[in-house]
Amino acid sequence: MRHVDTWKDWQEAQPQVVPMLVASIQKNRLAHAYLFEGEAGSGKHEVALLMAKRFFCKEHNGAEPCHACSDCLRIEHGNHPDVHQVAPDGQSIKKEQIEYLQKEFTYRGMESAAKVYIVSHVDKMTASAANSLLKFLEEPQGQTLAILLTENGASILPTIRSRAQQMRFLPPSQTQIASKLVAEGIEENQALFLAALTGNKAYAKALAEGDWSFQARTVVLQLMHELFTRPDLAAITLADKWIPLMKERLQQEMGLEMMLLWLRDLLYIQAGKQDKLVYADNKSKFDELALSTSQHTIRAAMSHVLEAKRHLSANVSIQLVMERLLFTIQEG
Ligand SMILES: [Zn+2]
């Protein structure tokens with residue numbers, strides 16, 4: 001089934017930006033240039049496309065475009081003649097790319113006088129491209145809308161910043177990251193886990209490619225459960241599975257982070273917040289453990305894991321760090 005982004009879809013994720021844009025559209029007071037700042041995955045491009053659709057759609061209902069007319073569909077498929085999208089050609093956005101837009105602009109719309117420009121990674125413009133863009137923004141002719149996108153607002157020239165209406169997008173939530181991963185075919189439990197672990201969609205996606213993260217998740221579930229039920233087995237799981245799997249420093253740090261997420265889940269269960277679980281498929285085991293484990297014990301275990309992270313970054317061997325960690329958690 002085709003999914004279409006609507007204003008409602010982005011309202012929850014961007015509770016500041018979306019109502020402002022919707023209100024401007026409804027009052028017919030759109031600025032002629034916007035600067036969208038925010039992390040990858042925060043919805044800048046989706047919102048820019050929504051604005052472009054609404055800009056051209058004749059069947060719109062309030063701020064919402066119809067998503068079905070030929071303007072809407074062509075924008076969705078990236079082949080609307082009056083919606084121009086510019087992205088870096090290699091490392092940078094070059095002057096010629098902006099000049100091309102200007103030329104297009106002087107010929108006026110192929111279908112109408114209206115045009116929408118969406119420039120991604122606008123911080124990657126060369127100095128001369130930035131100059132061309134500035135001229136462009138200084139002389140708004142006709143009915144145009146320019147939407148500039150950046151993940152790196154600190155690198156935007158003040159002269160460009162001052163000519164565009166600035167909109168700051170909030171970073172994407174773990175739930176948003178997870179649902180995007182699921183949409184790209186990653187299994188739901190794994191998607192939730194990777195989103196919580198990384199807080200970053202691209203990183204989560206990269207981790208999902210191999211089977212390391214899947215194995216690590218399984219081993220952490222086993223190790224932690226044993227630690228709280230059969231500590232004698234935990235020592236074996238540590239030596240036989242955890243240590244061999246966590247070869248690199250980064251993996252070892254992530255392994256400790258996975259343990260923290262597990263402990264936090266146990267706290268969530270005790271607080272009745274089942275919907276927050278990262279290891280949702282482990283709920284029945286958490287339910288049992290939550291009855292026999294005090295909140296004090298869980299919090300103490302979390303601080304031991306944080307201590308282990310510090311030892312690891314002080315170059316203590318992983319073997320020592322982990323043995324000591326299991327021991328201190330058992331001791332409470
Ligand atoms: Zn439409």
# chains A, B, ... in the order shown; residues from 1 in each chain; ligands from 1
>>> closest_atom_pairs(of="chain A", to="ligand 1", cutoff="8 Å", atoms="only C-alpha atoms and all ligand atoms", output="JSON lines")
{"residue": "A:Lys53", "atom": "CA", "partner": "ligand 1", "partner_atom_place_in_ligand_line": "1 (Zn)", "distance": 6.5}
{"residue": "A:Arg54", "atom": "CA", "partner": "ligand 1", "partner_atom_place_in_ligand_line": "1 (Zn)", "distance": 7.1}
{"residue": "A:Phe56", "atom": "CA", "partner": "ligand 1", "partner_atom_place_in_ligand_line": "1 (Zn)", "distance": 7.2}
{"residue": "A:Cys57", "atom": "CA", "partner": "ligand 1", "partner_atom_place_in_ligand_line": "1 (Zn)", "distance": 3.9}
{"residue": "A:Lys58", "atom": "CA", "partner": "ligand 1", "partner_atom_place_in_ligand_line": "1 (Zn)", "distance": 6.0}
{"residue": "A:Glu59", "atom": "CA", "partner": "ligand 1", "partner_atom_place_in_ligand_line": "1 (Zn)", "distance": 5.2}
{"residue": "A:His60", "atom": "CA", "partner": "ligand 1", "partner_atom_place_in_ligand_line": "1 (Zn)", "distance": 5.9}
{"residue": "A:Pro65", "atom": "CA", "partner": "ligand 1", "partner_atom_place_in_ligand_line": "1 (Zn)", "distance": 5.0}
{"residue": "A:Cys66", "atom": "CA", "partner": "ligand 1", "partner_atom_place_in_ligand_line": "1 (Zn)", "distance": 3.9}
{"residue": "A:His67", "atom": "CA", "partner": "ligand 1", "partner_atom_place_in_ligand_line": "1 (Zn)", "distance": 4.7}
{"residue": "A:Ala68", "atom": "CA", "partner": "ligand 1", "partner_atom_place_in_ligand_line": "1 (Zn)", "distance": 5.2}
{"residue": "A:Cys69", "atom": "CA", "partner": "ligand 1", "partner_atom_place_in_ligand_line": "1 (Zn)", "distance": 4.1}
{"residue": "A:Ser70", "atom": "CA", "partner": "ligand 1", "partner_atom_place_in_ligand_line": "1 (Zn)", "distance": 6.7}
{"residue": "A:Asp71", "atom": "CA", "partner": "ligand 1", "partner_atom_place_in_ligand_line": "1 (Zn)", "distance": 5.7}
{"residue": "A:Cys72", "atom": "CA", "partner": "ligand 1", "partner_atom_place_in_ligand_line": "1 (Zn)", "distance": 4.3}
{"residue": "A:Leu73", "atom": "CA", "partner": "ligand 1", "partner_atom_place_in_ligand_line": "1 (Zn)", "distance": 7.3}
>>> residues_around(residues="segment 184-198 of chain A", least_positions_apart="5", cutoff="6 Å", atoms="only C-alpha atoms", output="list in words")
Gln174, Ile177, Ala178, Ala204 and Val278 of chain A
>>> write_last_selection(atoms="C-alpha atoms", output="short mmCIF file (atom, residue, chain, number, x, y, z; two decimals), in the first residue's frame")
data_model
loop_
_atom_site.label_atom_id
_atom_site.label_comp_id
_atom_site.auth_asym_id
_atom_site.auth_seq_id
_atom_site.Cartn_x
_atom_site.Cartn_y
_atom_site.Cartn_z
CA GLN A 174 13.20 6.40 18.77
CA ILE A 177 13.35 5.74 13.78
CA ALA A 178 12.01 2.27 14.59
CA ALA A 204 20.80 1.51 13.13
CA VAL A 278 13.04 -1.97 24.23
#
>>> select_by_dssp(residues="segment 109-163 of chain A", states="helix (DSSP H, G or I)", output="list in words")
Val122, Asp123, Lys124, Ala127, Ser128, Ala129, Ala130, Asn131, Ser132, Leu133, Leu134, Lys135, Phe136, Leu137, Glu138, Gly153, Ala154, Ser155, Pro158, Thr159, Ile160 and Arg161 of chain A
>>> closest_residue(among="A:Ser24, A:Ser179, A:Gln252, A:Gln85", to="Ile147 of chain A", atoms="only C-alpha atoms")
A:Gln85
>>> select_by_dssp(residues="segment 13-113 of chain A", states="strand (DSSP E)", output="ChimeraX atom specification")
/A:33-37,83-86
>>> write_last_selection(atoms="N, CA and C atoms", output="mmCIF file, in the first residue's frame")
data_model
loop_
_atom_site.group_PDB
_atom_site.id
_atom_site.type_symbol
_atom_site.label_atom_id
_atom_site.label_comp_id
_atom_site.auth_asym_id
_atom_site.auth_seq_id
_atom_site.Cartn_x
_atom_site.Cartn_y
_atom_site.Cartn_z
ATOM 1 N N ALA A 33 11.089 32.233 1.246
ATOM 2 C CA ALA A 33 12.203 31.307 1.471
ATOM 3 C C ALA A 33 12.187 30.802 2.908
ATOM 4 N N TYR A 34 12.407 29.504 3.030
ATOM 5 C CA TYR A 34 12.486 28.888 4.359
ATOM 6 C C TYR A 34 13.823 28.173 4.510
ATOM 7 N N LEU A 35 14.338 28.176 5.737
ATOM 8 C CA LEU A 35 15.521 27.370 6.047
ATOM 9 C C LEU A 35 15.087 26.332 7.080
ATOM 10 N N PHE A 36 15.081 25.061 6.670
ATOM 11 C CA PHE A 36 14.726 23.970 7.588
ATOM 12 C C PHE A 36 16.005 23.385 8.160
ATOM 13 N N GLU A 37 16.163 23.470 9.474
ATOM 14 C CA GLU A 37 17.356 22.904 10.117
ATOM 15 C C GLU A 37 16.954 21.718 10.969
ATOM 16 N N VAL A 83 8.727 21.893 -9.810
ATOM 17 C CA VAL A 83 9.333 21.670 -8.488
ATOM 18 C C VAL A 83 10.762 21.208 -8.730
ATOM 19 N N HIS A 84 11.712 22.061 -8.373
ATOM 20 C CA HIS A 84 13.119 21.748 -8.626
ATOM 21 C C HIS A 84 13.815 21.346 -7.349
ATOM 22 N N GLN A 85 14.485 20.202 -7.403
ATOM 23 C CA GLN A 85 15.209 19.755 -6.229
ATOM 24 C C GLN A 85 16.694 19.759 -6.532
ATOM 25 N N VAL A 86 17.456 20.389 -5.643
ATOM 26 C CA VAL A 86 18.914 20.462 -5.822
ATOM 27 C C VAL A 86 19.575 19.787 -4.634
#
>>> residues_around(residues="segment 235-240 of chain A", least_positions_apart="5", cutoff="12 Å", atoms="only C-alpha atoms", output="list in words")
Ala216, Thr218, Val219, Val220, Leu221, Gln222, Leu223, Met224, His225, Glu226, Leu227, Phe228, Arg230, Leu245, Met246, Gly255, Ile318, Gln319, Leu320, Val321, Met322, Glu323, Arg324, Leu325, Leu326, Phe327 and Gln330 of chain A
>>> write_last_selection(atoms="C-alpha atoms", output="PDB file, in the first residue's frame")
ATOM      1  CA  ALA A 216      24.512  -9.515  20.560  1.00  0.00           C
ATOM      2  CA  THR A 218      20.303 -12.604  22.047  1.00  0.00           C
ATOM      3  CA  VAL A 219      23.435 -12.990  24.177  1.00  0.00           C
ATOM      4  CA  VAL A 220      22.652  -9.924  26.289  1.00  0.00           C
ATOM      5  CA  LEU A 221      19.130 -11.230  26.957  1.00  0.00           C
ATOM      6  CA  GLN A 222      20.573 -14.565  28.058  1.00  0.00           C
ATOM      7  CA  LEU A 223      23.416 -13.114  30.130  1.00  0.00           C
ATOM      8  CA  MET A 224      21.243 -10.642  32.001  1.00  0.00           C
ATOM      9  CA  HIS A 225      18.500 -13.129  32.745  1.00  0.00           C
ATOM     10  CA  GLU A 226      21.041 -15.615  34.099  1.00  0.00           C
ATOM     11  CA  LEU A 227      22.737 -12.936  36.138  1.00  0.00           C
ATOM     12  CA  PHE A 228      19.504 -12.361  38.046  1.00  0.00           C
ATOM     13  CA  ARG A 230      21.422 -18.357  37.842  1.00  0.00           C
ATOM     14  CA  LEU A 245      31.188 -11.694  20.306  1.00  0.00           C
ATOM     15  CA  MET A 246      32.322  -8.305  21.627  1.00  0.00           C
ATOM     16  CA  GLY A 255      27.314  -4.506  24.730  1.00  0.00           C
ATOM     17  CA  ILE A 318      37.364  -6.310  28.816  1.00  0.00           C
ATOM     18  CA  GLN A 319      37.796  -9.609  30.639  1.00  0.00           C
ATOM     19  CA  LEU A 320      38.526  -7.850  33.931  1.00  0.00           C
ATOM     20  CA  VAL A 321      35.846  -5.220  33.414  1.00  0.00           C
ATOM     21  CA  MET A 322      33.156  -7.814  32.755  1.00  0.00           C
ATOM     22  CA  GLU A 323      34.120 -10.258  35.482  1.00  0.00           C
ATOM     23  CA  ARG A 324      34.131  -7.465  37.985  1.00  0.00           C
ATOM     24  CA  LEU A 325      30.822  -6.179  36.673  1.00  0.00           C
ATOM     25  CA  LEU A 326      29.055  -9.534  37.003  1.00  0.00           C
ATOM     26  CA  PHE A 327      30.465  -9.897  40.495  1.00  0.00           C
ATOM     27  CA  GLN A 330      25.477 -10.196  42.028  1.00  0.00           C
TER      28      GLN A 330
END
>>> residues_around(residues="Val116 of chain A", least_positions_apart="5", cutoff="7 Å", atoms="only C-alpha atoms", output="tab-separated table (two decimals) with C-alpha atoms, in the first residue's frame")
chain	number	residue	atom	x	y	z
A	52	ALA	CA	5.26	21.91	-2.54
A	82	ASP	CA	7.91	23.28	-11.59
A	83	VAL	CA	9.33	21.67	-8.49
A	84	HIS	CA	13.12	21.75	-8.63
A	144	THR	CA	8.04	31.20	-5.83
A	145	LEU	CA	8.84	29.22	-2.77
A	146	ALA	CA	12.42	28.24	-1.87
>>> residues_around(residues="segment 301-316 of chain A", least_positions_apart="6", cutoff="8 Å", atoms="only C-alpha atoms", output="list in words")
Glu253, Leu256, Met259, Leu260, Leu263, Met322, Leu325, Thr328, Ile329 and Gly332 of chain A
>>> write_last_selection(atoms="all heavy atoms", output="PDB file, in the first residue's frame")
ATOM      1  N   GLU A 253      31.495  -1.475  24.143  1.00  0.00           N
ATOM      2  CA  GLU A 253      30.711  -0.346  24.673  1.00  0.00           C
ATOM      3  C   GLU A 253      29.229  -0.551  24.384  1.00  0.00           C
ATOM      4  O   GLU A 253      28.373  -0.306  25.226  1.00  0.00           O
ATOM      5  CB  GLU A 253      31.185   0.962  24.038  1.00  0.00           C
ATOM      6  CG  GLU A 253      32.475   1.476  24.657  1.00  0.00           C
ATOM      7  CD  GLU A 253      33.098   2.603  23.845  1.00  0.00           C
ATOM      8  OE1 GLU A 253      32.499   3.027  22.824  1.00  0.00           O
ATOM      9  OE2 GLU A 253      34.202   3.038  24.230  1.00  0.00           O
ATOM     10  N   LEU A 256      27.670  -3.088  26.665  1.00  0.00           N
ATOM     11  CA  LEU A 256      27.318  -2.517  27.977  1.00  0.00           C
ATOM     12  C   LEU A 256      26.054  -1.659  27.871  1.00  0.00           C
ATOM     13  O   LEU A 256      25.195  -1.681  28.743  1.00  0.00           O
ATOM     14  CB  LEU A 256      28.487  -1.684  28.521  1.00  0.00           C
ATOM     15  CG  LEU A 256      29.712  -2.503  28.980  1.00  0.00           C
ATOM     16  CD1 LEU A 256      30.886  -1.587  29.298  1.00  0.00           C
ATOM     17  CD2 LEU A 256      29.364  -3.352  30.197  1.00  0.00           C
ATOM     18  N   MET A 259      23.095  -3.778  27.970  1.00  0.00           N
ATOM     19  CA  MET A 259      22.783  -4.204  29.336  1.00  0.00           C
ATOM     20  C   MET A 259      22.009  -3.105  30.064  1.00  0.00           C
ATOM     21  O   MET A 259      21.058  -3.381  30.800  1.00  0.00           O
ATOM     22  CB  MET A 259      24.079  -4.544  30.087  1.00  0.00           C
ATOM     23  CG  MET A 259      24.780  -5.778  29.525  1.00  0.00           C
ATOM     24  SD  MET A 259      26.458  -6.013  30.165  1.00  0.00           S
ATOM     25  CE  MET A 259      26.108  -6.735  31.757  1.00  0.00           C
ATOM     26  N   LEU A 260      22.411  -1.861  29.835  1.00  0.00           N
ATOM     27  CA  LEU A 260      21.689  -0.733  30.457  1.00  0.00           C
ATOM     28  C   LEU A 260      20.237  -0.678  29.990  1.00  0.00           C
ATOM     29  O   LEU A 260      19.333  -0.454  30.782  1.00  0.00           O
ATOM     30  CB  LEU A 260      22.374   0.592  30.109  1.00  0.00           C
ATOM     31  CG  LEU A 260      23.550   1.040  30.969  1.00  0.00           C
ATOM     32  CD1 LEU A 260      24.103   2.360  30.428  1.00  0.00           C
ATOM     33  CD2 LEU A 260      23.149   1.199  32.436  1.00  0.00           C
ATOM     34  N   LEU A 263      18.268  -3.293  31.798  1.00  0.00           N
ATOM     35  CA  LEU A 263      17.970  -2.902  33.186  1.00  0.00           C
ATOM     36  C   LEU A 263      16.882  -1.826  33.220  1.00  0.00           C
ATOM     37  O   LEU A 263      16.005  -1.834  34.082  1.00  0.00           O
ATOM     38  CB  LEU A 263      19.244  -2.399  33.878  1.00  0.00           C
ATOM     39  CG  LEU A 263      20.294  -3.495  34.164  1.00  0.00           C
ATOM     40  CD1 LEU A 263      21.662  -2.883  34.439  1.00  0.00           C
ATOM     41  CD2 LEU A 263      19.842  -4.363  35.336  1.00  0.00           C
ATOM     42  N   MET A 322      34.401  -7.050  32.742  1.00  0.00           N
ATOM     43  CA  MET A 322      33.156  -7.814  32.755  1.00  0.00           C
ATOM     44  C   MET A 322      33.053  -8.744  33.962  1.00  0.00           C
ATOM     45  O   MET A 322      31.985  -8.896  34.552  1.00  0.00           O
ATOM     46  CB  MET A 322      33.006  -8.606  31.447  1.00  0.00           C
ATOM     47  CG  MET A 322      32.744  -7.746  30.223  1.00  0.00           C
ATOM     48  SD  MET A 322      31.340  -6.612  30.403  1.00  0.00           S
ATOM     49  CE  MET A 322      29.963  -7.788  30.434  1.00  0.00           C
ATOM     50  N   LEU A 325      32.201  -6.656  36.793  1.00  0.00           N
ATOM     51  CA  LEU A 325      30.822  -6.179  36.673  1.00  0.00           C
ATOM     52  C   LEU A 325      29.819  -7.239  37.131  1.00  0.00           C
ATOM     53  O   LEU A 325      28.925  -6.984  37.928  1.00  0.00           O
ATOM     54  CB  LEU A 325      30.529  -5.754  35.225  1.00  0.00           C
ATOM     55  CG  LEU A 325      29.069  -5.374  34.926  1.00  0.00           C
ATOM     56  CD1 LEU A 325      28.626  -4.198  35.778  1.00  0.00           C
ATOM     57  CD2 LEU A 325      28.887  -5.048  33.444  1.00  0.00           C
ATOM     58  N   THR A 328      29.987  -7.560  40.917  1.00  0.00           N
ATOM     59  CA  THR A 328      29.362  -6.462  41.687  1.00  0.00           C
ATOM     60  C   THR A 328      27.836  -6.464  41.548  1.00  0.00           C
ATOM     61  O   THR A 328      27.132  -6.156  42.490  1.00  0.00           O
ATOM     62  CB  THR A 328      29.911  -5.064  41.283  1.00  0.00           C
ATOM     63  OG1 THR A 328      29.914  -4.977  39.867  1.00  0.00           O
ATOM     64  CG2 THR A 328      31.311  -4.842  41.803  1.00  0.00           C
ATOM     65  N   ILE A 329      27.345  -6.832  40.353  1.00  0.00           N
ATOM     66  CA  ILE A 329      25.870  -6.863  40.215  1.00  0.00           C
ATOM     67  C   ILE A 329      25.292  -7.968  41.111  1.00  0.00           C
ATOM     68  O   ILE A 329      24.288  -7.748  41.793  1.00  0.00           O
ATOM     69  CB  ILE A 329      25.466  -7.081  38.726  1.00  0.00           C
ATOM     70  CG1 ILE A 329      25.777  -5.823  37.919  1.00  0.00           C
ATOM     71  CG2 ILE A 329      23.963  -7.396  38.625  1.00  0.00           C
ATOM     72  CD1 ILE A 329      25.390  -5.878  36.451  1.00  0.00           C
ATOM     73  N   GLY A 332      25.056  -6.889  44.559  1.00  0.00           N
ATOM     74  CA  GLY A 332      23.998  -5.893  44.761  1.00  0.00           C
ATOM     75  C   GLY A 332      24.553  -4.513  45.046  1.00  0.00           C
ATOM     76  O   GLY A 332      25.715  -4.259  45.147  1.00  0.00           O
TER      77      GLY A 332
END
>>> atom_distance(atom1="atom CA of His80 of chain A", atom2="atom CA of Arg163 of chain A")
26.0 Å
